[in-house]
Amino acid sequence: MATDLTLYRNIGIFAHVDAGKTTTTERILKLTGKIHKIGEVHDGAATTDFMEQEQERGITIQSAATTCFWNNHRFNIIDTPGHVDFTIEVYRSLKVLDGGVGVFCGSGGVEPQSETNWRYANDSEVARIIYVNKLDRIGADFLRVVNQVETVLGANALVMVLPIGRESELKGCVDLLTRKAWIWDDSGDPLNFTIEDVPEDMKDDVEEWREKLIETAVEQNDELMEKYLEGEEPAIDDIKACVRKGTINLDFFPTYCGSSFKNKGVQLILDAVVDYLPSPTEVKPQPEIDLEGNETGDVATVDIDKPLRALAFKIMDDKYGALTFTRIYSGKLAKGTSVLNTFTGKTERIGRIVEMHADSREEVDSAQAGDIVALLGMKNTQTGHTLCDPDNPATLEPMVFPDPVISIAIATRDKANAEKLSTAIGKMIKEDPSFRVETDEDSGETIIKGMGELHLDIKVDILKRTYGVEVDVGKPQVAYRESITQRIEDSYTHKKQSGGSGQFGKIDYIIEPLESGEGFQFESKVVGGNVPKEFWPAIEKGFAKSIDRGVLAGYPTVDFKVTLTDGSYHPVDSSAVAFETAARAGYRQTMPKAGAQILEPIMKLDVFVGEDNIGDVIGDLNRRRGMIKSQEPTATSIQIKADAPLAEMFGYIGSLRTMTSGRGQFSMEFSHYAPCPKNVAEQVIKEALEREEAKKK
């Protein structure tokens, strides 16, 4: 049967670490699950039950996607983590979402992680509604957070409700459009509420904010705007249509408030998801690309009758085996059929298809455009791979994962642990594409690489707790890079003559620096056949294969261009191998002349401290070669934004806690590569040489 896709909402809930995302998700599941299965209404379950339930249902909330129903709309809710080292998770979830709910803490306001997530959501053009949670907390202030959303995130918050009562006196909220007060009792049951008239002392505020709401909304429709300016108020349905249009266009973000923990205000969020967030058919379709990675101009239109296009966006291991969470963009997916994975070029058979429901999993025979399901038994599919119709292949724009910036060596204590380690690591790499592992051939050590110190700490913890593997952890290593600063014209001739056919290849080339982030580029400007065209790819390959080892300290070389200008060949002795060898030797000959330099990863840092510690913290950041960008007062502290080299930031959490008596907080993410100061570069080169020497012994 065909489903009405306008009744689908694929949404994510994202927030800073402690804004109440899990509690909010849990309350949504409770409300929607209740309505889905009318027979199980618990009367006023006490708060302690919730905690038990959360423990029992911890899995649901952790699972990547869960389905529930509200007002006969189907919600696929995707959970995203809050911590900065896992922004990769937020990023890949956003890729498959159509809309989102940004949760902010009523007292903490806009925290650094919420900024990062918000920026990702802007990049992915995801429509959002805002929910200011925890308004029952001391110091919570709805309008202050609204103001922060506008100043810190630069987002236009469209206030849809006003809270009734402050802090511990929070009773509910007024819906501005209908001018109705939703008031919950203190039983803890979200269904125990009454809808009343606006309290007398709030009437003026309600009218003032209602007017702002309507004025902003009618800007979406010229006809309504004219009528409104002439004094005619539009019908509520017309205003809602305008709010929906503006939300989908990202012109503004409808903003709600409440307390998930106290079960106040959650229904209004669910109604807003239905009313204002887009269905799968209302968002820009995913662009398709060919096998070389160029856009084909086609898009995966959300349509059941089109060829299959689906994206695997997360892999999770649980007691049933590996679950591959997949968003279907177009076509259908049926159990027992074969699909093509365009990344591996192999077909895979679809084993079982399951839907995660609020409190259970349900096996289904098929799924279709708009659905988010988990597939069991996928052997070679990884995060970011496209599954498609084998007779009609295309790739969806894949996710781009940043390269790791930090690595540590880990070693197991005995043979039994070593076997467990390789199984565990295999699973962990599948689950997290920003986590990489390699074996150091000379020392036999296992090197794990990731996005930050915490990221790797957590991986070591997972090894210990989930997989029971005890490992010894080495000192963290920074992923340095090398680059050049000067343009050099050079030439290299490779010739070898010893019995039988010889080898000959001469190349004239220019090596020059590129802007940061531009990688490696190759171009041939040879005219007149001095180097025949069929040898150009071999020359490019020779240079491209050399960039893994820089000439200063053996780190990968980035951001330079090789232009082949001329050369010569021998009709008998020239071959692709000879030209590739010439390019490799040319690289080693020219790079040291081109002003080679060491680059180090620079991290973007957000530090939150009280006023009394600010001098110590800034002094400490200066000692760590940090560049202070700005200092802004927040509701509860001072926010320092800075850039600092990763090499100087190891163990920072300990120092910060010591300086601030445990109250300071910080978040850190990779920003860019920059040249090392001379004394640091010399030390990096010296350490690299010492490591080489040690290996030889």
# chains A, B, ... in the order shown; residues from 1 in each chain; ligands from 1

call {"tool": "residues_around", "arguments": {"residues": "Lys525 of chain A", "least_positions_apart": "3", "cutoff": "12 Å", "atoms": "only C-alpha atoms", "output": "ChimeraX atom specification"}}
result
/A:507-510,522,528-533,536,562-567

call {"tool": "select_by_dssp", "arguments": {"residues": "segment 105-235 of chain A", "states": "helix (DSSP H, G or I)", "output": "short mmCIF file (atom, residue, chain, number, x, y, z; two decimals) with C-alpha atoms, in the first residue's frame"}}
result
data_model
loop_
_atom_site.label_atom_id
_atom_site.label_comp_id
_atom_site.auth_asym_id
_atom_site.auth_seq_id
_atom_site.Cartn_x
_atom_site.Cartn_y
_atom_site.Cartn_z
CA PRO A 112 29.18 26.00 22.80
CA GLN A 113 28.05 22.62 21.59
CA SER A 114 24.66 24.00 20.62
CA GLU A 115 26.52 26.54 18.46
CA THR A 116 28.40 23.80 16.60
CA ASN A 117 25.25 21.73 16.08
CA TRP A 118 23.34 24.80 14.95
CA ARG A 119 26.06 25.63 12.44
CA TYR A 120 25.95 22.08 11.04
CA ALA A 121 22.16 22.28 10.77
CA ASN A 122 22.49 25.59 8.89
CA ASP A 123 25.01 23.99 6.51
CA PHE A 142 12.73 32.05 28.62
CA LEU A 143 13.12 35.48 27.04
CA ARG A 144 16.81 35.68 27.96
CA VAL A 145 17.42 32.43 26.05
CA VAL A 146 15.37 33.74 23.10
CA ASN A 147 17.63 36.79 23.09
CA GLN A 148 20.76 34.58 23.17
CA VAL A 149 19.47 32.53 20.22
CA GLU A 150 19.26 35.78 18.26
CA THR A 151 22.61 37.26 19.36
CA VAL A 152 24.81 34.15 19.63
CA GLU A 167 11.20 28.60 37.99
CA SER A 168 9.52 26.28 40.55
CA GLU A 169 6.19 28.07 39.92
CA GLU A 200 -5.31 38.35 33.69
CA ASP A 201 -1.77 39.50 34.53
CA MET A 202 -0.43 38.11 31.23
CA LYS A 203 -2.95 39.56 28.79
CA ASP A 204 -0.88 42.60 27.75
CA ASP A 205 2.25 40.51 27.19
CA VAL A 206 0.31 37.93 25.21
CA GLU A 207 -1.16 40.60 22.88
CA GLU A 208 2.24 42.23 22.39
CA TRP A 209 4.01 38.96 21.48
CA ARG A 210 1.03 37.75 19.42
CA GLU A 211 1.27 40.87 17.29
CA LYS A 212 5.01 40.29 16.70
CA LEU A 213 4.23 36.71 15.71
CA ILE A 214 1.57 37.67 13.16
CA GLU A 215 3.62 40.53 11.72
CA THR A 216 6.56 38.18 11.10
CA ALA A 217 4.35 35.40 9.71
CA VAL A 218 2.40 37.48 7.15
CA ASP A 222 1.88 39.49 0.22
CA GLU A 223 -1.91 39.25 0.00
CA LEU A 224 -2.34 38.50 3.72
CA MET A 225 0.19 41.20 4.54
CA GLU A 226 -1.78 43.85 2.69
CA LYS A 227 -5.00 42.82 4.42
CA TYR A 228 -3.22 42.80 7.78
CA LEU A 229 -1.84 46.32 7.21
#

call {"tool": "closest_residue", "arguments": {"among": "A:Leu31, A:Leu170, A:Ala155, A:Ile13", "to": "Gly102 of chain A", "atoms": "only C-alpha atoms"}}
result
A:Ile13

call {"tool": "closest_residue", "arguments": {"among": "A:His357, A:Arg349, A:Lys335, A:Arg128", "to": "Tyr276 of chain A", "atoms": "only C-alpha atoms"}}
result
A:Arg128

call {"tool": "select_by_dssp", "arguments": {"residues": "segment 240-458 of chain A", "states": "strand (DSSP E or B)", "output": "ChimeraX atom specification"}}
result
/A:253-257,259,264,286-289,295-300,309-318,321-330,332-334,338-341,346-349,352-357,360-364,366-368,372-376,386-388,395-396,406-412,436-439,446-450

call {"tool": "closest_residue", "arguments": {"among": "A:Arg691, A:Lys545, A:Lys475, A:Lys262", "to": "Ala411 of chain A", "atoms": "only C-alpha atoms"}}
result
A:Lys475

call {"tool": "closest_residue", "arguments": {"among": "A:Ala157, A:Ala65, A:Asn72, A:Asn263", "to": "Val243 of chain A", "atoms": "only C-alpha atoms"}}
result
A:Ala157

call {"tool": "atom_distance", "arguments": {"atom1": "atom CA of Gly651 of chain A", "atom2": "atom CA of Arg624 of chain A"}}
result
11.7 Å

call {"tool": "closest_residue", "arguments": {"among": "A:Gly345, A:Gly331, A:Pro675, A:Gly450", "to": "Asp371 of chain A", "atoms": "only C-alpha atoms"}}
result
A:Gly331
